[in-house]
>>> print(open('work-v9.txt').read())   # compact mmCIF, C-alpha atoms and all ligand atoms
# COMPACT_ATOMS: atom_id res chain seq x y z
CA MET A 1 134.95 222.06 148.48
CA THR A 2 137.97 222.40 150.79
CA GLU A 3 141.47 223.01 149.48
CA GLY A 4 143.20 219.82 148.51
CA VAL A 5 141.14 217.13 146.85
CA ASP A 6 137.65 215.74 147.02
CA VAL A 7 138.53 212.12 147.76
CA VAL A 8 141.72 210.47 149.05
CA ILE A 9 141.94 206.73 148.44
CA ILE A 10 144.31 204.87 150.77
CA GLY A 11 145.75 201.90 148.84
CA GLY A 12 146.26 201.85 145.10
CA ALA A 13 145.94 198.18 144.16
CA VAL A 14 142.90 196.80 142.38
CA MET A 15 140.20 198.13 144.74
CA GLY A 16 141.66 201.60 145.13
CA ALA A 17 142.38 201.90 141.41
CA SER A 18 138.90 200.67 140.45
CA CYS A 19 137.28 203.18 142.81
CA ALA A 20 139.43 205.99 141.35
CA TYR A 21 138.46 204.90 137.83
CA TRP A 22 134.72 204.88 138.53
CA LEU A 23 134.76 208.14 140.53
CA THR A 24 136.50 210.08 137.76
CA ARG A 25 134.40 208.43 135.07
CA MET A 26 131.12 209.26 136.80
CA GLN A 27 132.13 212.81 137.72
CA PRO A 28 134.74 214.28 135.36
CA GLY A 29 136.77 216.93 137.17
CA LEU A 30 136.43 215.28 140.57
CA ARG A 31 139.75 215.61 142.38
CA VAL A 32 140.83 212.12 143.39
CA LEU A 33 144.18 211.27 144.92
CA VAL A 34 145.30 207.66 145.35
CA ALA A 35 148.12 207.04 147.86
CA GLU A 36 149.99 203.73 147.48
CA ARG A 37 152.84 202.90 149.85
CA ASP A 38 154.50 200.26 147.64
CA ILE A 39 154.26 200.82 143.92
CA SER A 40 155.95 197.45 143.24
CA PHE A 41 152.77 195.79 144.64
CA ALA A 42 155.10 193.00 145.78
CA LYS A 43 152.98 192.26 148.85
CA ALA A 44 149.57 193.27 147.53
CA SER A 45 146.97 190.51 147.28
CA THR A 46 146.18 191.82 143.80
CA ALA A 47 149.62 190.80 142.52
CA LEU A 48 149.66 187.48 144.40
CA SER A 49 146.18 186.37 143.38
CA VAL A 50 145.17 183.19 141.55
CA ALA A 51 143.05 185.58 139.47
CA SER A 52 139.95 183.51 138.87
CA ILE A 53 136.27 184.39 138.56
CA ARG A 54 133.12 182.40 139.19
CA SER A 55 129.39 182.76 139.59
CA GLN A 56 129.27 179.93 142.11
CA PHE A 57 128.84 181.80 145.38
CA SER A 58 126.43 181.05 148.22
CA THR A 59 125.04 184.59 148.46
CA ALA A 60 123.00 186.22 145.71
CA VAL A 61 124.79 189.54 145.98
CA ASN A 62 128.15 187.88 145.26
CA VAL A 63 126.65 186.19 142.19
CA GLU A 64 125.44 189.60 140.97
CA ILE A 65 128.85 191.16 141.63
CA SER A 66 130.65 188.49 139.60
CA ARG A 67 128.07 188.59 136.80
CA PHE A 68 128.97 192.25 136.30
CA GLY A 69 132.64 191.44 136.77
CA VAL A 70 132.84 188.78 134.09
CA ASP A 71 131.28 190.99 131.45
CA PHE A 72 133.61 193.83 132.41
CA ILE A 73 136.67 191.57 132.37
CA ARG A 74 135.72 189.84 129.10
CA ASN A 75 135.19 193.19 127.34
CA PHE A 76 137.87 195.13 129.23
CA PRO A 77 139.22 197.30 126.36
CA GLU A 78 135.70 198.28 125.26
CA ARG A 79 134.41 198.86 128.80
CA LEU A 80 137.33 201.17 129.67
CA GLY A 81 137.11 202.94 126.33
CA VAL A 82 139.62 202.77 123.52
CA GLU A 83 141.37 205.95 124.72
CA ALA A 84 142.59 204.00 127.78
CA GLY A 85 144.62 201.88 125.34
CA VAL A 86 144.40 198.65 127.36
CA GLY A 87 144.58 195.15 125.94
CA SER A 88 142.55 192.01 126.54
CA LEU A 89 142.74 190.35 129.95
CA GLY A 90 142.83 186.94 128.25
CA LEU A 91 139.85 185.53 130.13
CA LYS A 92 140.03 181.73 129.89
CA GLU A 93 136.55 180.36 130.50
CA ASN A 94 137.29 176.80 131.59
CA GLY A 95 134.68 176.91 134.39
CA TYR A 96 134.79 175.99 138.07
CA LEU A 97 133.93 172.48 139.23
CA PHE A 98 132.88 172.19 142.88
CA LEU A 99 132.83 168.57 144.10
CA SER A 100 130.62 167.10 146.82
CA HIS A 101 131.03 163.81 148.63
CA THR A 102 127.71 163.33 150.46
CA ALA A 103 124.00 163.26 149.61
CA GLU A 104 123.52 166.44 151.68
CA GLY A 105 126.37 168.06 149.77
CA ALA A 106 124.69 167.22 146.46
CA THR A 107 121.38 168.71 147.66
CA LEU A 108 123.18 171.88 148.74
CA LEU A 109 124.86 172.17 145.33
CA GLU A 110 121.41 171.83 143.67
CA GLU A 111 119.95 174.58 145.88
CA LEU A 112 122.87 176.90 145.26
CA ALA A 113 122.81 176.24 141.51
CA ALA A 114 119.10 177.15 141.37
CA MET A 115 119.81 180.42 143.22
CA GLN A 116 122.79 181.18 140.95
CA ARG A 117 120.77 180.45 137.78
CA SER A 118 118.00 182.77 138.98
CA HIS A 119 120.68 185.51 138.87
CA GLY A 120 121.81 184.66 135.35
CA ALA A 121 124.54 182.11 136.07
CA ALA A 122 124.93 178.91 134.05
CA THR A 123 125.57 176.43 136.87
CA GLU A 124 124.75 172.77 136.22
CA VAL A 125 124.85 170.03 138.82
CA TRP A 126 126.15 166.77 137.41
CA THR A 127 126.12 163.17 138.60
CA PRO A 128 129.54 161.56 139.11
CA ALA A 129 129.09 159.78 135.75
CA GLN A 130 128.49 163.10 134.02
CA VAL A 131 131.56 164.58 135.71
CA GLN A 132 133.61 161.66 134.43
CA ALA A 133 132.19 161.89 130.92
CA ARG A 134 133.34 165.52 130.71
CA PHE A 135 136.66 165.07 132.57
CA PRO A 136 137.67 161.39 132.09
CA TRP A 137 140.97 161.90 133.94
CA LEU A 138 139.16 162.45 137.26
CA ASN A 139 138.41 159.71 139.77
CA VAL A 140 134.73 160.14 140.70
CA GLU A 141 134.22 157.01 142.85
CA ASP A 142 133.78 158.89 146.13
CA LEU A 143 131.71 161.76 144.73
CA SER A 144 127.99 162.48 145.08
CA ALA A 145 127.88 165.37 142.57
CA GLY A 146 129.80 168.09 140.80
CA SER A 147 128.63 171.63 140.19
CA PHE A 148 130.01 173.16 136.98
CA GLY A 149 129.73 176.65 135.49
CA THR A 150 129.32 176.16 131.76
CA ARG A 151 130.14 179.81 130.98
CA ASP A 152 131.40 183.00 132.62
CA GLU A 153 133.90 181.28 134.93
CA GLY A 154 137.65 180.97 134.60
CA TRP A 155 140.77 183.08 135.05
CA PHE A 156 142.36 186.22 133.69
CA ASP A 157 145.29 188.64 133.88
CA ASN A 158 145.28 190.21 137.35
CA MET A 159 148.02 192.77 136.74
CA GLY A 160 146.42 193.73 133.43
CA LEU A 161 143.23 194.54 135.34
CA LEU A 162 145.14 196.69 137.83
CA ALA A 163 147.21 198.42 135.13
CA GLY A 164 144.08 199.14 133.09
CA PHE A 165 142.19 200.69 135.99
CA ARG A 166 145.23 202.83 136.88
CA ALA A 167 145.80 203.98 133.29
CA ALA A 168 142.15 204.83 132.70
CA ALA A 169 141.79 206.61 136.06
CA LYS A 170 144.93 208.65 135.33
CA ALA A 171 143.64 209.52 131.85
CA GLN A 172 140.44 210.76 133.52
CA GLY A 173 142.40 212.99 135.92
CA ALA A 174 142.98 210.91 139.05
CA ARG A 175 146.38 211.49 140.70
CA PHE A 176 148.45 208.55 141.95
CA VAL A 177 151.24 209.16 144.46
CA THR A 178 153.72 206.72 145.97
CA ASP A 179 153.33 207.58 149.62
CA GLU A 180 152.13 205.95 152.82
CA ALA A 181 149.02 207.22 154.55
CA VAL A 182 149.81 207.45 158.26
CA GLY A 183 146.74 209.03 159.81
CA LEU A 184 143.39 210.71 159.36
CA GLU A 185 142.47 214.28 160.21
CA ILE A 186 139.00 214.27 161.76
CA THR A 187 137.14 217.48 162.56
CA GLY A 188 133.54 217.75 163.71
CA GLY A 189 132.82 214.07 163.03
CA LYS A 190 134.12 214.29 159.46
CA VAL A 191 137.29 213.19 157.74
CA THR A 192 138.86 216.46 156.65
CA GLY A 193 142.25 215.18 155.61
CA VAL A 194 144.68 212.29 155.24
CA HIS A 195 148.24 212.51 156.56
CA LEU A 196 150.85 211.16 154.16
CA ALA A 197 154.34 210.22 155.33
CA LYS A 198 156.06 212.32 152.66
CA GLY A 199 153.29 214.54 151.32
CA GLY A 200 151.98 215.87 154.63
CA LEU A 201 148.31 216.62 155.18
CA ILE A 202 146.05 216.33 152.15
CA ALA A 203 142.74 218.04 152.82
CA CYS A 204 139.71 216.14 151.53
CA ASN A 205 135.98 215.70 151.91
CA ALA A 206 136.05 211.91 151.99
CA ALA A 207 138.56 209.11 152.40
CA VAL A 208 138.40 205.52 151.16
CA ASN A 209 140.00 202.62 152.99
CA ALA A 210 141.36 200.35 150.23
CA ALA A 211 144.33 199.18 152.30
CA GLY A 212 143.83 195.42 151.82
CA THR A 213 145.36 193.43 154.68
CA ARG A 214 146.15 196.69 156.52
CA ALA A 215 142.51 197.85 156.50
CA ALA A 216 142.12 197.46 160.29
CA VAL A 217 145.12 199.73 160.83
CA VAL A 218 143.47 202.49 158.80
CA ALA A 219 140.15 202.04 160.65
CA GLY A 220 142.09 202.19 163.92
CA TRP A 221 143.26 205.75 163.13
CA ALA A 222 139.62 206.78 163.61
CA GLY A 223 139.21 204.61 166.71
CA LEU A 224 137.10 202.14 164.71
CA ALA A 225 137.39 198.35 164.79
CA LEU A 226 137.33 196.22 161.64
CA PRO A 227 137.40 192.39 161.78
CA VAL A 228 139.91 192.06 158.93
CA GLU A 229 143.29 190.36 159.31
CA PRO A 230 146.01 189.01 157.01
CA ARG A 231 145.86 185.23 156.48
CA LYS A 232 148.67 183.47 154.71
CA ARG A 233 148.14 181.30 151.63
CA THR A 234 150.99 179.37 150.02
CA VAL A 235 150.36 178.67 146.35
CA PHE A 236 152.25 175.94 144.47
CA VAL A 237 152.97 175.73 140.76
CA ILE A 238 153.47 172.07 139.88
CA ASP A 239 154.48 170.12 136.83
CA ALA A 240 152.73 166.76 136.27
CA PRO A 241 153.91 165.12 133.03
CA ASN A 242 151.17 162.46 133.21
CA ALA A 243 148.43 165.03 133.67
CA ARG A 244 148.26 167.45 130.75
CA HIS A 245 144.68 168.72 130.57
CA PRO A 246 144.55 172.30 129.31
CA ASP A 247 140.73 172.21 129.25
CA ALA A 248 140.58 171.42 132.99
CA PRO A 249 138.32 173.56 135.17
CA LEU A 250 139.27 175.20 138.42
CA LEU A 251 138.57 172.20 140.61
CA VAL A 252 137.42 172.80 144.18
CA ASP A 253 137.74 169.62 146.25
CA THR A 254 137.39 169.39 150.02
CA GLY A 255 141.09 169.76 150.82
CA PHE A 256 142.55 171.74 147.94
CA TYR A 257 141.90 173.63 144.73
CA LEU A 258 143.64 173.18 141.40
CA ARG A 259 143.69 174.80 137.99
CA PRO A 260 145.83 174.51 134.88
CA GLU A 261 148.27 177.27 133.97
CA GLN A 262 150.24 177.16 130.73
CA GLY A 263 151.00 173.42 130.74
CA GLN A 264 151.49 173.31 134.50
CA TRP A 265 149.09 173.52 137.45
CA ILE A 266 148.40 175.91 140.29
CA THR A 267 147.22 174.41 143.58
CA ALA A 268 146.70 175.52 147.18
CA THR A 269 144.94 174.60 150.39
CA VAL A 270 143.82 176.25 153.61
CA PRO A 271 146.37 175.50 156.36
CA GLN A 272 144.93 173.53 159.30
CA ASN A 273 146.11 176.10 161.84
CA ASP A 274 144.69 178.97 159.79
CA GLY A 275 144.92 182.25 161.68
CA PRO A 276 146.23 185.78 161.47
CA CYS A 277 149.79 186.50 160.42
CA ASP A 278 151.92 189.61 160.30
CA ALA A 279 151.25 191.72 157.22
CA ASP A 280 154.95 191.39 156.37
CA ASP A 281 155.26 187.63 157.00
CA PHE A 282 155.70 185.97 153.61
CA GLU A 283 157.45 182.81 154.82
CA PRO A 284 155.95 179.90 152.82
CA ASP A 285 154.31 176.82 154.39
CA LEU A 286 156.27 174.49 152.10
CA ASN A 287 155.14 171.31 153.84
CA LEU A 288 151.55 171.87 152.71
CA PHE A 289 152.08 170.35 149.27
CA GLU A 290 153.75 167.10 150.40
CA GLU A 291 151.76 166.66 153.60
CA VAL A 292 148.28 167.87 152.68
CA ILE A 293 147.69 168.38 148.99
CA TRP A 294 149.56 165.72 147.04
CA GLU A 295 147.87 162.56 148.31
CA GLN A 296 144.40 164.05 147.84
CA LEU A 297 145.34 165.24 144.39
CA TRP A 298 146.62 161.83 143.39
CA ASN A 299 143.45 160.17 144.72
CA ARG A 300 141.36 162.56 142.66
CA ALA A 301 143.38 162.11 139.45
CA PRO A 302 145.85 159.25 138.98
CA GLY A 303 147.83 161.34 136.49
CA PHE A 304 149.26 163.24 139.45
CA ASP A 305 151.40 160.23 140.40
CA ALA A 306 154.55 162.06 139.30
CA VAL A 307 154.69 165.69 140.35
CA LYS A 308 157.38 168.32 140.73
CA VAL A 309 156.87 171.60 142.55
CA VAL A 310 158.46 174.10 140.20
CA ARG A 311 157.60 177.32 142.04
CA HIS A 312 155.63 178.64 144.94
CA TRP A 313 154.50 182.00 146.23
CA VAL A 314 152.84 183.38 149.32
CA GLY A 315 149.95 185.81 149.31
CA HIS A 316 147.65 187.13 152.03
CA TYR A 317 143.88 187.09 152.12
CA ALA A 318 142.39 190.19 153.78
CA TYR A 319 140.24 187.85 155.85
CA ASN A 320 136.97 189.02 157.37
CA THR A 321 136.74 186.93 160.54
CA LEU A 322 133.01 187.61 161.01
CA ASP A 323 131.61 186.16 157.78
CA GLN A 324 134.29 186.02 155.03
CA ASN A 325 132.48 188.64 152.99
CA ALA A 326 133.28 192.15 151.81
CA ILE A 327 132.76 195.09 154.18
CA LEU A 328 131.59 198.09 152.20
CA GLY A 329 130.44 201.67 152.38
CA PRO A 330 130.47 204.54 154.85
CA HIS A 331 130.89 204.03 158.57
CA PRO A 332 127.75 205.30 160.38
CA GLU A 333 129.87 207.01 163.05
CA LEU A 334 132.14 208.64 160.46
CA PRO A 335 130.17 208.82 157.21
CA SER A 336 132.97 210.43 155.21
CA LEU A 337 135.19 207.36 155.73
CA PHE A 338 134.34 204.66 153.19
CA PHE A 339 135.35 201.00 153.39
CA MET A 340 136.13 198.48 150.66
CA ASN A 341 137.71 195.71 152.70
CA GLY A 342 137.67 192.11 153.89
CA PHE A 343 137.38 190.33 150.55
CA SER A 344 138.60 187.03 152.02
CA GLY A 345 140.12 185.68 148.82
CA HIS A 346 137.54 186.68 146.20
CA GLY A 347 138.13 190.40 145.72
CA LEU A 348 139.91 190.53 142.37
CA GLN A 349 136.83 189.45 140.40
CA GLN A 350 134.72 191.78 142.54
CA SER A 351 136.77 194.90 141.88
CA PRO A 352 134.81 196.17 138.84
CA ALA A 353 131.45 196.04 140.65
CA ILE A 354 132.75 197.11 144.06
CA GLY A 355 134.66 200.08 142.66
CA ARG A 356 131.52 201.18 140.81
CA GLY A 357 129.37 200.65 143.90
CA LEU A 358 131.66 202.66 146.16
CA ALA A 359 131.86 205.49 143.63
CA GLU A 360 128.08 205.60 143.39
CA HIS A 361 127.77 205.71 147.16
CA ILE A 362 130.37 208.46 147.53
CA LEU A 363 128.80 210.59 144.79
CA HIS A 364 125.09 209.87 145.31
CA GLY A 365 124.77 208.75 148.92
CA GLY A 366 123.57 205.20 148.31
CA TRP A 367 123.97 201.94 146.39
CA GLN A 368 122.68 202.20 142.84
CA SER A 369 123.52 199.67 140.10
CA ILE A 370 123.74 196.69 142.47
CA ASP A 371 122.20 196.81 145.94
CA LEU A 372 125.26 196.11 148.09
CA SER A 373 123.54 196.77 151.42
CA ASP A 374 123.94 193.12 152.52
CA LEU A 375 127.68 193.86 152.53
CA SER A 376 127.51 197.19 154.32
CA ILE A 377 129.52 197.76 157.45
CA ASP A 378 126.31 198.08 159.52
CA ARG A 379 125.93 194.29 159.79
CA VAL A 380 129.45 194.08 161.17
CA LEU A 381 128.72 196.70 163.81
CA GLN A 382 125.60 194.76 164.80
CA GLY A 383 127.58 191.49 164.87
CA LYS A 384 125.18 189.95 162.32
CA ALA A 385 127.13 187.62 160.08
CA PHE A 386 126.24 187.53 156.37
CA ARG A 387 128.30 184.49 155.61
CA GLU A 388 129.77 183.59 152.23
CA ALA A 389 130.08 179.81 152.44
CA ALA A 390 131.86 179.30 149.11
CA VAL A 391 135.25 180.63 150.19
CA VAL A 392 138.08 178.82 148.43
C1 LIG B 1 146.77 183.48 147.05
C2 LIG B 1 145.60 184.32 146.68
C3 LIG B 1 144.68 183.87 145.73
C4 LIG B 1 143.59 184.64 145.38
N1 LIG B 1 142.77 184.20 144.39
C5 LIG B 1 141.73 184.98 143.99
C6 LIG B 1 140.92 184.58 142.91
O1 LIG B 1 141.14 183.52 142.31
N2 LIG B 1 139.89 185.38 142.55
C7 LIG B 1 139.63 186.56 143.19
O2 LIG B 1 138.67 187.24 142.83
N3 LIG B 1 140.39 186.97 144.22
C8 LIG B 1 141.43 186.21 144.63
N4 LIG B 1 142.22 186.61 145.66
C9 LIG B 1 141.86 187.82 146.41
C10 LIG B 1 142.17 189.09 145.67
O3 LIG B 1 143.47 189.03 145.12
C11 LIG B 1 142.03 190.26 146.65
O4 LIG B 1 140.75 190.20 147.28
C12 LIG B 1 142.15 191.60 145.95
O5 LIG B 1 143.31 191.65 145.18
C13 LIG B 1 142.15 192.69 147.01
O6 LIG B 1 142.55 193.91 146.44
P1 LIG B 1 142.80 195.15 147.37
O7 LIG B 1 143.12 196.29 146.48
O8 LIG B 1 141.67 195.28 148.34
O9 LIG B 1 144.03 194.73 148.29
P2 LIG B 1 145.60 194.63 147.94
O10 LIG B 1 145.83 194.09 146.58
O11 LIG B 1 146.26 193.90 149.08
O12 LIG B 1 146.07 196.14 147.97
C14 LIG B 1 146.07 196.94 149.11
C15 LIG B 1 147.07 198.04 148.82
O13 LIG B 1 147.02 199.01 149.86
C16 LIG B 1 148.33 199.48 150.07
N5 LIG B 1 148.35 200.09 151.41
C17 LIG B 1 148.10 199.50 152.60
N6 LIG B 1 148.20 200.39 153.59
C18 LIG B 1 148.52 201.56 153.02
C19 LIG B 1 148.78 202.85 153.55
N7 LIG B 1 148.72 203.12 154.86
N8 LIG B 1 149.10 203.85 152.69
C20 LIG B 1 149.16 203.62 151.35
N9 LIG B 1 148.95 202.39 150.80
C21 LIG B 1 148.63 201.39 151.64
C22 LIG B 1 149.19 198.24 149.95
O14 LIG B 1 150.54 198.56 149.70
C23 LIG B 1 148.52 197.52 148.79
O15 LIG B 1 149.11 197.82 147.55
C24 LIG B 1 143.36 185.89 146.03
C25 LIG B 1 144.27 186.36 146.97
C26 LIG B 1 145.39 185.59 147.28
C27 LIG B 1 146.37 186.12 148.28
>>> encode(input="work-v9.txt", output="structure tokens", more="lines below")
Ligand SMILES: Cc1cc2nc3c(=O)[nH]c(=O)nc-3n(C[C@H](O)[C@H](O)[C@H](O)COP(=O)(O)OP(=O)(O)OC[C@H]3O[C@@H](n4cnc5c(N)ncnc54)[C@H](O)[C@@H]3O)c2cc1C
Amino acid sequence: MTEGVDVVIIGGAVMGASCAYWLTRMQPGLRVLVAERDISFAKASTALSVASIRSQFSTAVNVEISRFGVDFIRNFPERLGVEAGVGSLGLKENGYLFLSHTAEGATLLEELAAMQRSHGAATEVWTPAQVQARFPWLNVEDLSAGSFGTRDEGWFDNMGLLAGFRAAAKAQGARFVTDEAVGLEITGGKVTGVHLAKGGLIACNAAVNAAGTRAAVVAGWAGLALPVEPRKRTVFVIDAPNARHPDAPLLVDTGFYLRPEQGQWITATVPQNDGPCDADDFEPDLNLFEEVIWEQLWNRAPGFDAVKVVRHWVGHYAYNTLDQNAILGPHPELPSLFFMNGFSGHGLQQSPAIGRGLAEHILHGGWQSIDLSDLSIDRVLQGKAFREAAVV
């Protein structure tokens, strides 16, 4: 061991905190330091998330990751241990409903549902009539099918998850500092330290890139490229007095998604000119609700005839431009630099499994509980996309 710590984690939102939790749980006494530049988390994706979880992914590994995640989130106080003193994350299991409009779309939903079920998910593919029987307020005329998760899908308290990981990691000995990492010290092909703006050089044996939308900046310090960029998402909270359906699922239609939230609704879409933005650009695309979402929403459910936007917020996806999937593990050219990046809008639910996976790799040199090799950085270096098609 060098002087300093064993592992420095750059970024202390949900991924960094989860990794710190698992590292110190698996190896008590391990010296872990988490550096977070903005302890308000005002611009972190973790704080600006829609905080939902599903089994309905197009790749088996993502189904496995969320299967672990939902159990962890549902039983959060027990999984962290009573000494962590955390409360319930209030998981609301209303399910996800993915809609399709074509015969090919319905076939694809059937194929995906079979794959998801083979990994323990409870996905059912319904005819339009079955969709309407369950959710009579929906217009199903133009649909070919709907794919619904009858359990293990819904939404939960994002900041509770972050706070719990931080509290438990601290209780297990991890140190959290409010400081910005500004560079890596690399000696003999190894990361030997992390430079902090205020704290100076922290010697370490390994560093973890958990910098969210700034992940490519951190990789750049080592001369490495990472296809991850910030992409803006404007989220609208709307009130619709003629559409009060607290049992509604998270509905994924072609041009928008929608879910209920305490008597109101949350909705968003992907902007047509989707592309990278500055990591500090939080200017909302306010036209998206009127010009893109509302008409489609009204067509899907007549109760959305009268709607008021009561609030909006902007968050950034850390978008992996190669294949919209996580980029994980050590870099082959710099094996003591570990990546947990590029979650492309589905990282919150993945944080329990990804934090555990990274910790296992750091401590034992390979993936253990879940084989995450499909998501390793090697595919990115080879330019071989491992695409996640169900990106919302
Ligand atoms: C609008 C929106 C909706 C979403 N909905 C969902 C959803 O329904 N379900 C789901 O699972 N996921 C969802 N996500 C995605 C999910 O929120 C993210 O994938 C997840 O929070 C990523 O966590 P993170 O820790 O990697 O990144 P972040 O939360 O962005 O944290 C990165 C942290 O690193 C810090 N940092 C960066 N650079 C440095 C540095 N040099 N030194 C020190 N600290 C640094 C930052 O300050 C930040 O706190 C959504 C995201 C958005 C924006």
>>> closest_atom_pairs(input="work-v9.txt", of="segment 265-338 of chain A", to="segment 187-203 of chain A", cutoff="10 Å", atoms="only C-alpha atoms", output="CSV")
residue,atom,partner,partner_atom,distance
A:Glu333,CA,A:Gly189,CA,7.7
A:Leu334,CA,A:Gly189,CA,6.0
A:Pro335,CA,A:Lys190,CA,7.1
A:Ser336,CA,A:Val191,CA,5.7
A:Leu337,CA,A:Val191,CA,6.5
>>> residues_around(input="work-v9.txt", residues="segment 364-381 of chain A", least_positions_apart="4", cutoff="9 Å", atoms="all atoms listed in the file", output="list in words")
Val61, Glu64, Ile65, Ala225, Leu226, Pro227, Leu322, Asp323, Asn325, Ala326, Ile327, Leu328, Gly329, Pro330, His331, Pro332, Phe339, Ala353, Ile354, Arg356, Gly357, Leu358, Ala359, Glu360, Ala385 and Phe386 of chain A
>>> residues_near_ligand(input="work-v9.txt", ligand="ligand LIG 1 (chain B)", cutoff="7 Å", atoms="all atoms listed in the file", output="PyMOL selection string")
chain A and resi 10-16+35-39+41+43-53+179-182+210-215+218+233-235+314-318+340-341+343-350
>>> closest_residue(input="work-v9.txt", among="A:Ile362, A:Ile266, A:Met26, A:Leu138", to="Pro302 of chain A", atoms="only C-alpha atoms")
A:Leu138
>>> residues_around(input="work-v9.txt", residues="Ser58 of chain A", least_positions_apart="3", cutoff="8 Å", atoms="only C-alpha atoms", output="PyMOL selection string")
chain A and resi 62-63+112+388-390
>>> closest_residue(input="work-v9.txt", among="A:His361, A:His119, A:His101, A:Arg54", to="Thr254 of chain A", atoms="only C-alpha atoms")
A:His101
>>> decode(input="work-v9.txt", residues="segment 281-332 of chain A", atoms="C-alpha atoms", output="mmCIF file, in the first residue's frame")
data_model
loop_
_atom_site.group_PDB
_atom_site.id
_atom_site.type_symbol
_atom_site.label_atom_id
_atom_site.label_comp_id
_atom_site.auth_asym_id
_atom_site.auth_seq_id
_atom_site.Cartn_x
_atom_site.Cartn_y
_atom_site.Cartn_z
ATOM 1 C CA ASP A 281 -26.193 24.319 -19.816
ATOM 2 C CA PHE A 282 -29.461 23.858 -17.940
ATOM 3 C CA GLU A 283 -31.625 26.108 -20.129
ATOM 4 C CA PRO A 284 -34.975 24.298 -20.578
ATOM 5 C CA ASP A 285 -36.517 23.421 -23.971
ATOM 6 C CA LEU A 286 -39.907 24.780 -22.885
ATOM 7 C CA ASN A 287 -41.497 24.442 -26.323
ATOM 8 C CA LEU A 288 -41.268 20.646 -26.144
ATOM 9 C CA PHE A 289 -44.450 20.249 -24.122
ATOM 10 C CA GLU A 290 -46.720 22.409 -26.317
ATOM 11 C CA GLU A 291 -45.145 21.487 -29.646
ATOM 12 C CA VAL A 292 -44.267 17.815 -29.248
ATOM 13 C CA ILE A 293 -45.784 16.121 -26.227
ATOM 14 C CA TRP A 294 -49.257 17.525 -25.620
ATOM 15 C CA GLU A 295 -51.023 16.516 -28.839
ATOM 16 C CA GLN A 296 -49.673 12.963 -28.639
ATOM 17 C CA LEU A 297 -50.649 12.756 -25.003
ATOM 18 C CA TRP A 298 -54.172 13.930 -25.726
ATOM 19 C CA ASN A 299 -54.497 11.413 -28.580
ATOM 20 C CA ARG A 300 -53.407 8.645 -26.239
ATOM 21 C CA ALA A 301 -55.733 9.655 -23.390
ATOM 22 C CA PRO A 302 -58.637 12.078 -23.888
ATOM 23 C CA GLY A 303 -58.452 13.084 -20.220
ATOM 24 C CA PHE A 304 -55.416 15.183 -21.103
ATOM 25 C CA ASP A 305 -57.625 17.716 -22.895
ATOM 26 C CA ALA A 306 -57.028 20.262 -20.129
ATOM 27 C CA VAL A 307 -53.452 20.452 -18.926
ATOM 28 C CA LYS A 308 -51.343 22.938 -17.018
ATOM 29 C CA VAL A 309 -47.566 22.747 -16.797
ATOM 30 C CA VAL A 310 -46.926 23.398 -13.122
ATOM 31 C CA ARG A 311 -43.160 22.885 -13.048
ATOM 32 C CA HIS A 312 -40.269 21.769 -15.163
ATOM 33 C CA TRP A 313 -36.655 20.824 -14.651
ATOM 34 C CA VAL A 314 -33.647 20.059 -16.798
ATOM 35 C CA GLY A 315 -31.323 17.127 -16.280
ATOM 36 C CA HIS A 316 -28.514 15.645 -18.346
ATOM 37 C CA TYR A 317 -28.104 12.075 -19.509
ATOM 38 C CA ALA A 318 -24.458 10.923 -19.538
ATOM 39 C CA TYR A 319 -25.051 9.653 -23.059
ATOM 40 C CA ASN A 320 -22.912 6.897 -24.537
ATOM 41 C CA THR A 321 -22.902 7.764 -28.248
ATOM 42 C CA LEU A 322 -21.694 4.296 -29.302
ATOM 43 C CA ASP A 323 -24.502 2.119 -27.956
ATOM 44 C CA GLN A 324 -26.401 3.871 -25.110
ATOM 45 C CA ASN A 325 -25.132 1.359 -22.584
ATOM 46 C CA ALA A 326 -22.936 1.525 -19.504
ATOM 47 C CA ILE A 327 -19.148 1.514 -19.898
ATOM 48 C CA LEU A 328 -17.601 -0.394 -17.025
ATOM 49 C CA GLY A 329 -14.401 -1.693 -15.528
ATOM 50 C CA PRO A 330 -10.664 -1.143 -15.889
ATOM 51 C CA HIS A 331 -9.112 0.386 -18.976
ATOM 52 C CA PRO A 332 -6.749 -2.164 -20.597
#
